[in-house]
$ cat work.cif   # mmCIF, C-alpha atoms
data_coords
#
loop_
_atom_site.group_PDB
_atom_site.id
_atom_site.type_symbol
_atom_site.label_atom_id
_atom_site.label_comp_id
_atom_site.auth_asym_id
_atom_site.auth_seq_id
_atom_site.Cartn_x
_atom_site.Cartn_y
_atom_site.Cartn_z
ATOM 1 C CA MET J 1 10.344 37.920 -30.358
ATOM 2 C CA LYS J 2 10.931 34.787 -32.338
ATOM 3 C CA LEU J 3 8.193 32.348 -33.196
ATOM 4 C CA PRO J 4 8.997 28.705 -32.454
ATOM 5 C CA MET J 5 8.114 27.719 -36.032
ATOM 6 C CA GLN J 6 10.837 29.987 -37.406
ATOM 7 C CA SER J 7 13.457 28.382 -35.221
ATOM 8 C CA VAL J 8 12.392 24.961 -36.491
ATOM 9 C CA PHE J 9 12.692 26.053 -40.106
ATOM 10 C CA ARG J 10 16.187 27.375 -39.431
ATOM 11 C CA HIS J 11 17.427 23.814 -38.871
ATOM 12 C CA ILE J 12 16.139 22.573 -42.214
ATOM 13 C CA LYS J 13 19.054 22.655 -44.627
ATOM 14 C CA PRO J 14 18.806 23.278 -48.403
ATOM 15 C CA GLY J 15 19.245 19.587 -49.214
ATOM 16 C CA ASP J 16 16.476 18.744 -46.765
ATOM 17 C CA TRP J 17 14.021 20.762 -48.848
ATOM 18 C CA LEU J 18 15.209 18.755 -51.840
ATOM 19 C CA THR J 19 14.584 15.506 -49.935
ATOM 20 C CA MET J 20 11.106 16.753 -49.039
ATOM 21 C CA CYS J 21 10.354 17.572 -52.670
ATOM 22 C CA ILE J 22 11.530 14.125 -53.789
ATOM 23 C CA GLY J 23 9.355 12.634 -51.038
ATOM 24 C CA CYS J 24 6.342 14.580 -52.344
ATOM 25 C CA VAL J 25 7.000 13.331 -55.883
ATOM 26 C CA VAL J 26 7.224 9.745 -54.578
ATOM 27 C CA VAL J 27 3.919 10.073 -52.679
ATOM 28 C CA VAL J 28 2.087 11.663 -55.606
ATOM 29 C CA SER J 29 3.388 9.141 -58.133
ATOM 30 C CA LEU J 30 2.459 6.250 -55.821
ATOM 31 C CA ALA J 31 -1.058 7.692 -55.504
ATOM 32 C CA LEU J 32 -1.378 8.151 -59.269
ATOM 33 C CA LYS J 33 -0.053 4.657 -59.945
ATOM 34 C CA LEU J 34 -2.124 2.814 -57.349
ATOM 35 C CA TRP J 35 -5.334 4.829 -57.383
ATOM 36 C CA ASN J 36 -5.920 5.048 -61.134
ATOM 37 C CA GLY J 37 -9.057 3.118 -61.633
ATOM 38 C CA GLU J 38 -11.266 1.057 -59.537
ATOM 39 C CA LEU J 39 -9.990 -2.116 -57.950
ATOM 40 C CA ALA J 40 -11.838 -5.155 -59.184
ATOM 41 C CA ASP J 41 -13.853 -7.286 -56.789
ATOM 42 C CA LYS J 42 -15.156 -10.200 -58.795
ATOM 43 C CA VAL J 43 -14.991 -12.019 -62.092
ATOM 44 C CA VAL J 44 -18.014 -12.502 -64.321
ATOM 45 C CA ILE J 45 -17.579 -15.570 -66.524
ATOM 46 C CA LYS J 46 -19.969 -15.994 -69.453
ATOM 47 C CA SER J 47 -20.317 -18.960 -71.774
ATOM 48 C CA GLN J 48 -22.328 -18.980 -75.005
ATOM 49 C CA GLY J 49 -24.010 -15.699 -74.095
ATOM 50 C CA LYS J 50 -25.241 -16.894 -70.721
ATOM 51 C CA LEU J 51 -23.801 -16.130 -67.289
ATOM 52 C CA TYR J 52 -21.766 -19.150 -66.215
ATOM 53 C CA ARG J 53 -20.417 -18.066 -62.811
ATOM 54 C CA GLU J 54 -19.587 -14.990 -60.740
ATOM 55 C CA VAL J 55 -16.474 -15.587 -58.643
ATOM 56 C CA PRO J 56 -14.846 -13.287 -56.048
ATOM 57 C CA LEU J 57 -11.184 -12.433 -56.705
ATOM 58 C CA SER J 58 -10.168 -13.087 -53.116
ATOM 59 C CA ARG J 59 -9.474 -16.815 -53.500
ATOM 60 C CA ASN J 60 -6.933 -18.326 -55.879
ATOM 61 C CA GLN J 61 -8.552 -20.987 -58.005
ATOM 62 C CA ARG J 62 -8.871 -22.501 -61.476
ATOM 63 C CA ILE J 63 -12.245 -22.872 -63.122
ATOM 64 C CA GLU J 64 -13.122 -25.043 -66.119
ATOM 65 C CA VAL J 65 -15.652 -23.331 -68.349
ATOM 66 C CA PRO J 66 -17.381 -25.408 -71.033
ATOM 67 C CA GLY J 67 -17.847 -23.478 -74.301
ATOM 68 C CA ALA J 68 -18.861 -24.131 -77.876
ATOM 69 C CA MET J 69 -15.582 -25.910 -78.778
ATOM 70 C CA GLY J 70 -14.452 -27.349 -75.505
ATOM 71 C CA ILE J 71 -13.137 -26.358 -72.095
ATOM 72 C CA SER J 72 -11.594 -22.920 -71.388
ATOM 73 C CA LEU J 73 -9.517 -22.797 -68.231
ATOM 74 C CA VAL J 74 -9.850 -19.598 -66.171
ATOM 75 C CA ALA J 75 -7.196 -18.950 -63.498
ATOM 76 C CA ILE J 76 -7.599 -16.549 -60.568
ATOM 77 C CA GLU J 77 -4.414 -15.676 -58.715
ATOM 78 C CA ASN J 78 -3.483 -12.760 -56.413
ATOM 79 C CA ARG J 79 -6.557 -10.692 -57.336
ATOM 80 C CA ARG J 80 -5.854 -11.141 -61.050
ATOM 81 C CA VAL J 81 -7.520 -13.330 -63.620
ATOM 82 C CA ARG J 82 -6.515 -14.803 -66.963
ATOM 83 C CA ILE J 83 -7.570 -17.407 -69.458
ATOM 84 C CA ALA J 84 -4.994 -20.124 -68.870
ATOM 85 C CA SER J 85 -6.002 -22.268 -71.826
ATOM 86 C CA ASP J 86 -8.583 -22.237 -74.574
ATOM 87 C CA PRO J 87 -9.341 -24.540 -77.516
ATOM 88 C CA GLY J 88 -9.626 -21.598 -79.971
ATOM 89 C CA PRO J 89 -7.240 -21.477 -82.967
ATOM 90 C CA ARG J 90 -5.707 -18.012 -82.482
ATOM 91 C CA GLN J 91 -5.370 -17.900 -78.686
ATOM 92 C CA TYR J 92 -5.953 -14.131 -78.474
ATOM 93 C CA CYS J 93 -7.643 -14.334 -75.072
ATOM 94 C CA VAL J 94 -4.850 -16.485 -73.623
ATOM 95 C CA ARG J 95 -2.159 -14.131 -74.911
ATOM 96 C CA GLN J 96 -3.978 -11.167 -73.412
ATOM 97 C CA GLY J 97 -2.512 -12.239 -70.058
ATOM 98 C CA TRP J 98 -3.541 -11.086 -66.614
ATOM 99 C CA LEU J 99 -6.518 -8.777 -66.109
ATOM 100 C CA LYS J 100 -6.262 -6.574 -63.013
ATOM 101 C CA GLN J 101 -8.638 -3.644 -63.097
ATOM 102 C CA ALA J 102 -12.390 -3.355 -63.165
ATOM 103 C CA GLY J 103 -13.700 -3.140 -66.707
ATOM 104 C CA GLU J 104 -10.980 -5.277 -68.270
ATOM 105 C CA ILE J 105 -12.320 -8.136 -70.327
ATOM 106 C CA ALA J 106 -10.959 -11.152 -72.205
ATOM 107 C CA LEU J 107 -13.024 -12.728 -74.954
ATOM 108 C CA CYS J 108 -12.487 -16.166 -76.442
ATOM 109 C CA LEU J 109 -14.729 -15.769 -79.479
ATOM 110 C CA PRO J 110 -14.472 -19.233 -81.076
ATOM 111 C CA ASN J 111 -15.294 -20.925 -77.805
ATOM 112 C CA GLN J 112 -17.836 -18.209 -76.869
ATOM 113 C CA VAL J 113 -16.357 -17.708 -73.403
ATOM 114 C CA SER J 114 -15.761 -14.311 -71.824
ATOM 115 C CA VAL J 115 -14.157 -13.204 -68.569
ATOM 116 C CA GLU J 116 -14.782 -9.721 -67.201
ATOM 117 C CA LEU J 117 -13.569 -7.985 -64.056
ATOM 118 C CA VAL J 118 -16.125 -5.845 -62.253
ATOM 119 C CA GLY J 119 -15.880 -3.585 -59.216
ATOM 120 C CA ASN J 120 -18.611 -2.575 -56.819
ATOM 121 C CA HIS J 121 -20.393 -0.492 -59.399
ATOM 122 C CA ARG J 122 -20.124 -1.114 -63.094
ATOM 123 C CA ARG J 123 -18.726 1.711 -65.208
ATOM 124 C CA TYR J 124 -19.812 2.445 -68.742
ATOM 125 C CA ASP J 125 -17.562 1.607 -71.623
ATOM 126 C CA SER J 126 -17.940 0.867 -75.307
ATOM 127 C CA LEU J 127 -18.962 -2.738 -74.674
ATOM 128 C CA ASN J 128 -21.578 -2.213 -71.966
ATOM 129 C CA TYR J 129 -23.948 0.682 -71.904
ATOM 130 C CA MET U 1 27.912 -16.808 -5.683
ATOM 131 C CA SER U 2 26.781 -13.914 -7.811
ATOM 132 C CA LEU U 3 27.453 -13.603 -11.505
ATOM 133 C CA ARG U 4 28.809 -10.264 -12.506
ATOM 134 C CA ILE U 5 28.667 -9.085 -16.088
ATOM 135 C CA GLU U 6 31.221 -6.459 -16.927
ATOM 136 C CA THR U 7 29.509 -3.520 -18.555
ATOM 137 C CA THR U 8 31.162 -0.649 -20.341
ATOM 138 C CA LEU U 9 30.247 3.016 -20.324
ATOM 139 C CA GLU U 10 28.872 2.547 -23.805
ATOM 140 C CA ASP U 11 26.539 -0.251 -22.648
ATOM 141 C CA HIS U 12 25.077 2.103 -20.071
ATOM 142 C CA ARG U 13 24.663 4.815 -22.651
ATOM 143 C CA ILE U 14 22.898 2.426 -25.047
ATOM 144 C CA ALA U 15 20.581 1.250 -22.262
ATOM 145 C CA ARG U 16 19.722 4.819 -21.245
ATOM 146 C CA MET U 17 18.996 5.877 -24.828
ATOM 147 C CA ALA U 18 16.925 2.742 -25.486
ATOM 148 C CA ALA U 19 14.929 3.497 -22.321
ATOM 149 C CA VAL U 20 14.186 7.037 -23.547
ATOM 150 C CA ALA U 21 13.133 5.669 -26.947
ATOM 151 C CA LEU U 22 10.943 3.093 -25.211
ATOM 152 C CA GLY U 23 9.280 5.836 -23.160
ATOM 153 C CA LEU U 24 8.473 7.776 -26.326
ATOM 154 C CA ALA U 25 7.100 4.607 -27.957
ATOM 155 C CA ILE U 26 4.801 4.027 -24.975
ATOM 156 C CA ILE U 27 3.565 7.651 -25.003
ATOM 157 C CA GLU U 28 2.915 7.252 -28.695
ATOM 158 C CA GLY U 29 0.944 4.052 -28.082
ATOM 159 C CA ALA U 30 -1.579 6.157 -26.145
ATOM 160 C CA ILE U 31 -2.263 8.381 -29.168
ATOM 161 C CA PRO U 32 -5.200 7.054 -31.177
ATOM 162 C CA SER U 33 -4.370 6.340 -34.817
ATOM 163 C CA PRO U 34 -6.831 6.678 -37.716
ATOM 164 C CA LEU U 35 -5.325 3.670 -39.466
ATOM 165 C CA PRO U 36 -3.330 0.783 -37.990
ATOM 166 C CA GLY U 37 0.299 1.302 -38.917
ATOM 167 C CA VAL U 38 0.140 5.099 -39.166
ATOM 168 C CA LYS U 39 2.191 6.278 -36.188
ATOM 169 C CA PRO U 40 4.405 9.324 -35.629
ATOM 170 C CA GLY U 41 7.417 7.147 -34.723
ATOM 171 C CA LEU U 42 8.629 9.520 -32.013
ATOM 172 C CA ALA U 43 11.251 7.005 -30.862
ATOM 173 C CA ASN U 44 13.091 7.674 -34.100
ATOM 174 C CA ILE U 45 13.986 11.134 -32.801
ATOM 175 C CA VAL U 46 16.238 9.345 -30.300
ATOM 176 C CA THR U 47 17.721 7.200 -33.087
ATOM 177 C CA LEU U 48 18.554 10.326 -35.109
ATOM 178 C CA ILE U 49 20.234 12.045 -32.159
ATOM 179 C CA VAL U 50 22.203 8.908 -31.251
ATOM 180 C CA LEU U 51 23.234 8.465 -34.888
ATOM 181 C CA SER U 52 24.651 11.950 -35.089
ATOM 182 C CA ARG U 53 26.345 11.876 -31.678
ATOM 183 C CA TYR U 54 27.637 8.315 -31.330
ATOM 184 C CA GLY U 55 27.457 6.789 -34.816
ATOM 185 C CA TRP U 56 25.587 4.066 -36.614
ATOM 186 C CA ARG U 57 26.547 1.081 -34.421
ATOM 187 C CA VAL U 58 25.149 2.638 -31.244
ATOM 188 C CA ALA U 59 22.047 3.830 -33.114
ATOM 189 C CA ALA U 60 21.443 0.282 -34.378
ATOM 190 C CA TRP U 61 21.784 -1.107 -30.822
ATOM 191 C CA VAL U 62 19.373 1.491 -29.447
ATOM 192 C CA SER U 63 16.636 0.967 -32.026
ATOM 193 C CA LEU U 64 16.848 -2.838 -32.043
ATOM 194 C CA LEU U 65 16.752 -2.922 -28.235
ATOM 195 C CA ARG U 66 13.759 -0.611 -28.331
ATOM 196 C CA VAL U 67 11.933 -2.946 -30.744
ATOM 197 C CA LEU U 68 12.732 -6.000 -28.605
ATOM 198 C CA ALA U 69 11.933 -4.449 -25.225
ATOM 199 C CA GLY U 70 8.903 -2.677 -26.652
ATOM 200 C CA SER U 71 7.476 -5.946 -27.952
ATOM 201 C CA LEU U 72 7.946 -7.513 -24.497
ATOM 202 C CA LEU U 73 6.176 -4.559 -22.858
ATOM 203 C CA PHE U 74 3.340 -4.412 -25.363
ATOM 204 C CA GLY U 75 3.035 -8.205 -25.331
ATOM 205 C CA ASN U 76 3.502 -8.828 -29.038
ATOM 206 C CA PHE U 77 6.935 -10.484 -29.019
ATOM 207 C CA LEU U 78 7.161 -12.814 -32.054
ATOM 208 C CA ALA U 79 3.631 -11.782 -33.092
ATOM 209 C CA PRO U 80 3.036 -10.188 -36.512
ATOM 210 C CA GLY U 81 3.313 -6.675 -35.060
ATOM 211 C CA PHE U 82 6.801 -7.466 -33.792
ATOM 212 C CA PHE U 83 8.017 -8.622 -37.187
ATOM 213 C CA LEU U 84 6.502 -5.510 -38.772
ATOM 214 C CA SER U 85 8.469 -3.285 -36.376
ATOM 215 C CA LEU U 86 11.602 -5.368 -36.832
ATOM 216 C CA SER U 87 11.552 -5.339 -40.633
ATOM 217 C CA GLY U 88 10.792 -1.616 -40.685
ATOM 218 C CA THR U 89 13.581 -0.880 -38.217
ATOM 219 C CA LEU U 90 16.143 -3.043 -40.020
ATOM 220 C CA LEU U 91 15.461 -1.382 -43.351
ATOM 221 C CA SER U 92 15.470 2.133 -41.910
ATOM 222 C CA LEU U 93 18.789 1.401 -40.151
ATOM 223 C CA LEU U 94 20.244 0.294 -43.483
ATOM 224 C CA ALA U 95 18.901 3.471 -45.092
ATOM 225 C CA LEU U 96 20.325 5.603 -42.280
ATOM 226 C CA GLY U 97 23.701 3.926 -42.757
ATOM 227 C CA LEU U 98 23.665 5.234 -46.325
ATOM 228 C CA ALA U 99 21.966 8.575 -45.624
ATOM 229 C CA MET U 100 24.479 9.543 -42.938
ATOM 230 C CA HIS U 101 27.116 9.828 -45.661
ATOM 231 C CA LEU U 102 25.215 12.593 -47.454
ATOM 232 C CA PRO U 103 27.227 15.821 -47.266
ATOM 233 C CA GLY U 104 26.405 17.381 -43.878
ATOM 234 C CA ARG U 105 26.702 20.874 -45.257
ATOM 235 C CA TRP U 106 23.532 20.376 -47.311
ATOM 236 C CA PHE U 107 21.673 17.520 -45.693
ATOM 237 C CA GLY U 108 20.655 17.377 -42.041
ATOM 238 C CA PRO U 109 18.636 15.089 -39.766
ATOM 239 C CA VAL U 110 15.462 16.036 -41.664
ATOM 240 C CA SER U 111 16.712 14.269 -44.806
ATOM 241 C CA GLN U 112 17.903 11.284 -42.784
ATOM 242 C CA SER U 113 14.542 11.087 -41.039
ATOM 243 C CA ILE U 114 12.509 11.227 -44.251
ATOM 244 C CA ILE U 115 14.699 8.596 -45.924
ATOM 245 C CA ALA U 116 14.471 6.360 -42.839
ATOM 246 C CA ALA U 117 10.687 6.784 -42.678
ATOM 247 C CA PHE U 118 10.293 5.690 -46.298
ATOM 248 C CA ALA U 119 12.619 2.740 -45.695
ATOM 249 C CA HIS U 120 10.617 1.818 -42.586
ATOM 250 C CA ILE U 121 7.332 1.700 -44.448
ATOM 251 C CA SER U 122 8.967 -0.249 -47.305
ATOM 252 C CA GLY U 123 10.253 -2.845 -44.845
ATOM 253 C CA GLN U 124 6.796 -3.210 -43.345
ATOM 254 C CA MET U 125 5.143 -3.473 -46.751
ATOM 255 C CA ILE U 126 7.565 -6.236 -47.761
ATOM 256 C CA VAL U 127 6.576 -8.294 -44.701
ATOM 257 C CA VAL U 128 2.862 -7.539 -45.192
ATOM 258 C CA TYR U 129 3.013 -8.509 -48.839
ATOM 259 C CA LEU U 130 5.248 -11.592 -48.565
ATOM 260 C CA TRP U 131 3.797 -13.019 -45.390
ATOM 261 C CA LEU U 132 0.681 -11.480 -43.852
ATOM 262 C CA ILE U 133 -1.606 -10.450 -46.717
ATOM 263 C CA PRO U 134 -0.172 -11.773 -49.995
ATOM 264 C CA GLN U 135 -2.696 -9.887 -52.108
ATOM 265 C CA ALA U 136 -2.732 -6.691 -54.081
ATOM 266 C CA GLY U 137 -5.545 -5.223 -51.937
ATOM 267 C CA ILE U 138 -3.059 -3.671 -49.506
ATOM 268 C CA ALA U 139 -1.549 -1.672 -52.380
ATOM 269 C CA TYR U 140 -4.515 0.654 -52.087
ATOM 270 C CA LEU U 141 -3.225 1.939 -48.735
ATOM 271 C CA ILE U 142 0.425 2.438 -49.759
ATOM 272 C CA PRO U 143 -0.012 6.116 -50.800
ATOM 273 C CA VAL U 144 -1.554 6.863 -47.377
ATOM 274 C CA PHE U 145 1.362 5.186 -45.585
ATOM 275 C CA ALA U 146 3.863 7.006 -47.796
ATOM 276 C CA ALA U 147 2.234 10.394 -47.130
ATOM 277 C CA ALA U 148 2.327 9.685 -43.383
ATOM 278 C CA ALA U 149 6.005 8.700 -43.681
ATOM 279 C CA LEU U 150 6.805 11.983 -45.402
ATOM 280 C CA VAL U 151 4.947 14.136 -42.854
ATOM 281 C CA PHE U 152 6.122 12.356 -39.706
ATOM 282 C CA GLY U 153 9.629 11.902 -41.099
ATOM 283 C CA THR U 154 9.919 15.654 -41.650
ATOM 284 C CA VAL U 155 8.492 16.520 -38.222
ATOM 285 C CA ASN U 156 10.710 14.028 -36.363
ATOM 286 C CA GLY U 157 13.779 15.206 -38.269
ATOM 287 C CA ALA U 158 13.005 18.850 -37.484
ATOM 288 C CA ILE U 159 12.546 18.006 -33.791
ATOM 289 C CA ALA U 160 15.861 16.114 -33.707
ATOM 290 C CA ALA U 161 17.644 18.946 -35.565
ATOM 291 C CA SER U 162 16.376 21.672 -33.258
ATOM 292 C CA PHE U 163 17.110 19.553 -30.190
ATOM 293 C CA MET U 164 20.734 19.113 -31.250
ATOM 294 C CA ALA U 165 21.113 22.776 -32.258
ATOM 295 C CA ASN U 166 19.730 24.043 -28.941
ATOM 296 C CA PRO U 167 22.692 25.196 -26.805
ATOM 297 C CA ARG U 168 20.872 24.285 -23.574
ATOM 298 C CA MET U 169 20.655 20.676 -24.798
ATOM 299 C CA GLN U 170 24.304 20.415 -25.862
ATOM 300 C CA GLY U 171 25.463 19.082 -22.528
ATOM 301 C CA PHE U 172 22.263 17.157 -21.950
ATOM 302 C CA LYS U 173 23.193 13.494 -21.886
ATOM 303 C CA VAL U 174 20.150 11.304 -22.126
#
$ encode --input "work.cif" --output "structure tokens"
Amino acid sequence: MKLPMQSVFRHIKPGDWLTMCIGCVVVVSLALKLWNGELADKVVIKSQGKLYREVPLSRNQRIEVPGAMGISLVAIENRRVRIASDPGPRQYCVRQGWLKQAGEIALCLPNQVSVELVGNHRRYDSLNY
Amino acid sequence: MSLRIETTLEDHRIARMAAVALGLAIIEGAIPSPLPGVKPGLANIVTLIVLSRYGWRVAAWVSLLRVLAGSLLFGNFLAPGFFLSLSGTLLSLLALGLAMHLPGRWFGPVSQSIIAAFAHISGQMIVVYLWLIPQAGIAYLIPVFAAAALVFGTVNGAIAASFMANPRMQGFKV
């Protein structure tokens, strides 16, 4: 007697197994790419050592943050954040670009402004412990 | 005076096939889904059989009619759900048009079905991302959708392949 499963497998051709394997690779690589690290929920903006504002990532907006030298402009767009402009001389924090994942941080040292992405629960790193 | 539209044999065939696909879609609607958007896509079995028997043009007619008539039956014509089905179907038809040219000696309906399932979910994700939820949050669910596409694509393809290989079904004209 023949099991129904065997008759199903008979109709799967060699190339079909190849397609399945490629499909598995696609699924696994998507999971690795999109699930590596916690998604960020909100932005913590600090100015001169003090908490300036905590803003959720869900709404696109631009925030002016007063610092030691002048105004730093923080831009939130599509669940990402960056320092759009800063009065500092070397512009390191502006050139850092978009921050996406929880734990990423941009520091504008001369202006004493920092922007950090946090998720639901804060993870330990070399800056916070 | 009555208006009479001349219909060909092919029109009747397309209508019959679309009706079968619609029936499968309605049965499927009764199955609870753990996540909106994760569905077996049983109607695609009909598309695969039509593609292999009558070619791409008839398959395109059948699946687009199924999307249109299905949206009228389910009551979501021109609603977001309709555009999700439409974009998924259009992209999977394009993918099938390419996949059908794979050498038949090595690749069967299972490959076509998997490729179409991935194209379907890509089409839906494009609409979700560009129009419905233009945020990265949805990206979190993409691996789940892709895994479902792989599993259901394989199962549907295997069903279509064994249906067409079954000698009792050879003469069976749906």
$ atom_distance --input "work.cif" --atom1 "CA of Asn78 in chain J" --atom2 "CA of Lys33 in chain J"
18.1 Å
$ resolve_selection --input "work.cif" --expression "the PyMOL selection byres ((chain U) within 7 of (chain J))" --output "ChimeraX atom specification"
/U:106-108,110-111,135-136,139-140,143,146-147,150,158,161-162
$ residues_around --input "work.cif" --residues "Val55 in chain J" --least-positions-apart "2" --cutoff "10 Å" --atoms "all atoms listed in the file" --output "list in words"
Asp41, Lys42, Val43, Val44, Ile45, Tyr52, Arg53, Leu57, Ser58, Arg59, Gln61, Ile63, Ile76 and Leu117 of chain J
$ write_last_selection --input "work.cif" --atoms "C-alpha atoms" --output "PDB file, in the frame of the given file"
ATOM      1  CA  ASP J  41     -13.853  -7.286 -56.789  1.00  0.00           C
ATOM      2  CA  LYS J  42     -15.156 -10.200 -58.795  1.00  0.00           C
ATOM      3  CA  VAL J  43     -14.991 -12.019 -62.092  1.00  0.00           C
ATOM      4  CA  VAL J  44     -18.014 -12.502 -64.321  1.00  0.00           C
ATOM      5  CA  ILE J  45     -17.579 -15.570 -66.524  1.00  0.00           C
ATOM      6  CA  TYR J  52     -21.766 -19.150 -66.215  1.00  0.00           C
ATOM      7  CA  ARG J  53     -20.417 -18.066 -62.811  1.00  0.00           C
ATOM      8  CA  LEU J  57     -11.184 -12.433 -56.705  1.00  0.00           C
ATOM      9  CA  SER J  58     -10.168 -13.087 -53.116  1.00  0.00           C
ATOM     10  CA  ARG J  59      -9.474 -16.815 -53.500  1.00  0.00           C
ATOM     11  CA  GLN J  61      -8.552 -20.987 -58.005  1.00  0.00           C
ATOM     12  CA  ILE J  63     -12.245 -22.872 -63.122  1.00  0.00           C
ATOM     13  CA  ILE J  76      -7.599 -16.549 -60.568  1.00  0.00           C
ATOM     14  CA  LEU J 117     -13.569  -7.985 -64.056  1.00  0.00           C
TER      15      LEU J 117
END
$ axis_aligned_box --input "work.cif" --around "range 97-100 of chain U" --padding-each-side "6 Å" --output "JSON"
{"center_x": 23.2, "center_y": 6.7, "center_z": -44.5, "size_x": 14.5, "size_y": 17.6, "size_z": 15.6}
$ resolve_selection --input "work.cif" --expression "the PyMOL selection byres ((chain J and resi 91) around 12)" --output "list in words"
Ser72, Ile83, Ala84, Ser85, Asp86, Pro87, Gly88, Pro89, Arg90, Tyr92, Cys93, Val94, Arg95, Gln96, Gly97, Ala106, Leu107, Cys108, Leu109, Pro110 and Asn111 of chain J
$ resolve_selection --input "work.cif" --expression "the PyMOL selection byres ((chain U and resi 60-67) around 10)" --output "compact mmCIF listing (two decimals) with C-alpha atoms, in the frame of the given file"
# COMPACT_ATOMS: atom_id res chain seq x y z
CA ASP U 11 26.54 -0.25 -22.65
CA ARG U 13 24.66 4.82 -22.65
CA ILE U 14 22.90 2.43 -25.05
CA ALA U 15 20.58 1.25 -22.26
CA ARG U 16 19.72 4.82 -21.24
CA MET U 17 19.00 5.88 -24.83
CA ALA U 18 16.92 2.74 -25.49
CA ALA U 19 14.93 3.50 -22.32
CA VAL U 20 14.19 7.04 -23.55
CA ALA U 21 13.13 5.67 -26.95
CA LEU U 22 10.94 3.09 -25.21
CA GLY U 23 9.28 5.84 -23.16
CA ALA U 25 7.10 4.61 -27.96
CA ALA U 43 11.25 7.00 -30.86
CA ASN U 44 13.09 7.67 -34.10
CA VAL U 46 16.24 9.35 -30.30
CA THR U 47 17.72 7.20 -33.09
CA VAL U 50 22.20 8.91 -31.25
CA LEU U 51 23.23 8.46 -34.89
CA GLY U 55 27.46 6.79 -34.82
CA TRP U 56 25.59 4.07 -36.61
CA ARG U 57 26.55 1.08 -34.42
CA VAL U 58 25.15 2.64 -31.24
CA ALA U 59 22.05 3.83 -33.11
CA LEU U 68 12.73 -6.00 -28.60
CA ALA U 69 11.93 -4.45 -25.22
CA GLY U 70 8.90 -2.68 -26.65
CA SER U 71 7.48 -5.95 -27.95
CA LEU U 72 7.95 -7.51 -24.50
CA LEU U 73 6.18 -4.56 -22.86
CA PHE U 77 6.94 -10.48 -29.02
CA PHE U 82 6.80 -7.47 -33.79
CA PHE U 83 8.02 -8.62 -37.19
CA SER U 85 8.47 -3.28 -36.38
CA LEU U 86 11.60 -5.37 -36.83
CA THR U 89 13.58 -0.88 -38.22
CA LEU U 90 16.14 -3.04 -40.02
CA SER U 92 15.47 2.13 -41.91
CA LEU U 93 18.79 1.40 -40.15
CA LEU U 94 20.24 0.29 -43.48
CA LEU U 96 20.32 5.60 -42.28
CA GLY U 97 23.70 3.93 -42.76
$ atom_distance --input "work.cif" --atom1 "CA of Val81 in chain J" --atom2 "CA of Trp98 in chain J"
5.5 Å
$ residues_around --input "work.cif" --residues "Val65 in chain J" --least-positions-apart "4" --cutoff "8 Å" --atoms "all atoms listed in the file" --output "PDB file with C-alpha atoms, in the frame of the given file"
ATOM      1  CA  SER J  47     -20.317 -18.960 -71.774  1.00  0.00           C
ATOM      2  CA  TYR J  52     -21.766 -19.150 -66.215  1.00  0.00           C
ATOM      3  CA  ILE J  71     -13.137 -26.358 -72.095  1.00  0.00           C
ATOM      4  CA  SER J  72     -11.594 -22.920 -71.388  1.00  0.00           C
ATOM      5  CA  LEU J  73      -9.517 -22.797 -68.231  1.00  0.00           C
ATOM      6  CA  VAL J  74      -9.850 -19.598 -66.171  1.00  0.00           C
ATOM      7  CA  VAL J 113     -16.357 -17.708 -73.403  1.00  0.00           C
TER       8      VAL J 113
END
$ atom_distance --input "work.cif" --atom1 "CA of Ala149 in chain U" --atom2 "CA of Ile115 in chain U"
9.0 Å
$ residues_around --input "work.cif" --residues "range 123-129 of chain U" --least-positions-apart "3" --cutoff "6 Å" --atoms "all atoms listed in the file" --output "number ranges by chain"
U: 84, 87-88, 91, 120, 132-134
$ closest_residue --input "work.cif" --among "J:Arg82, J:Gln112, J:Pro56, J:Gly49" --to "Gly70 in chain J" --atoms "only C-alpha atoms"
J:Gln112
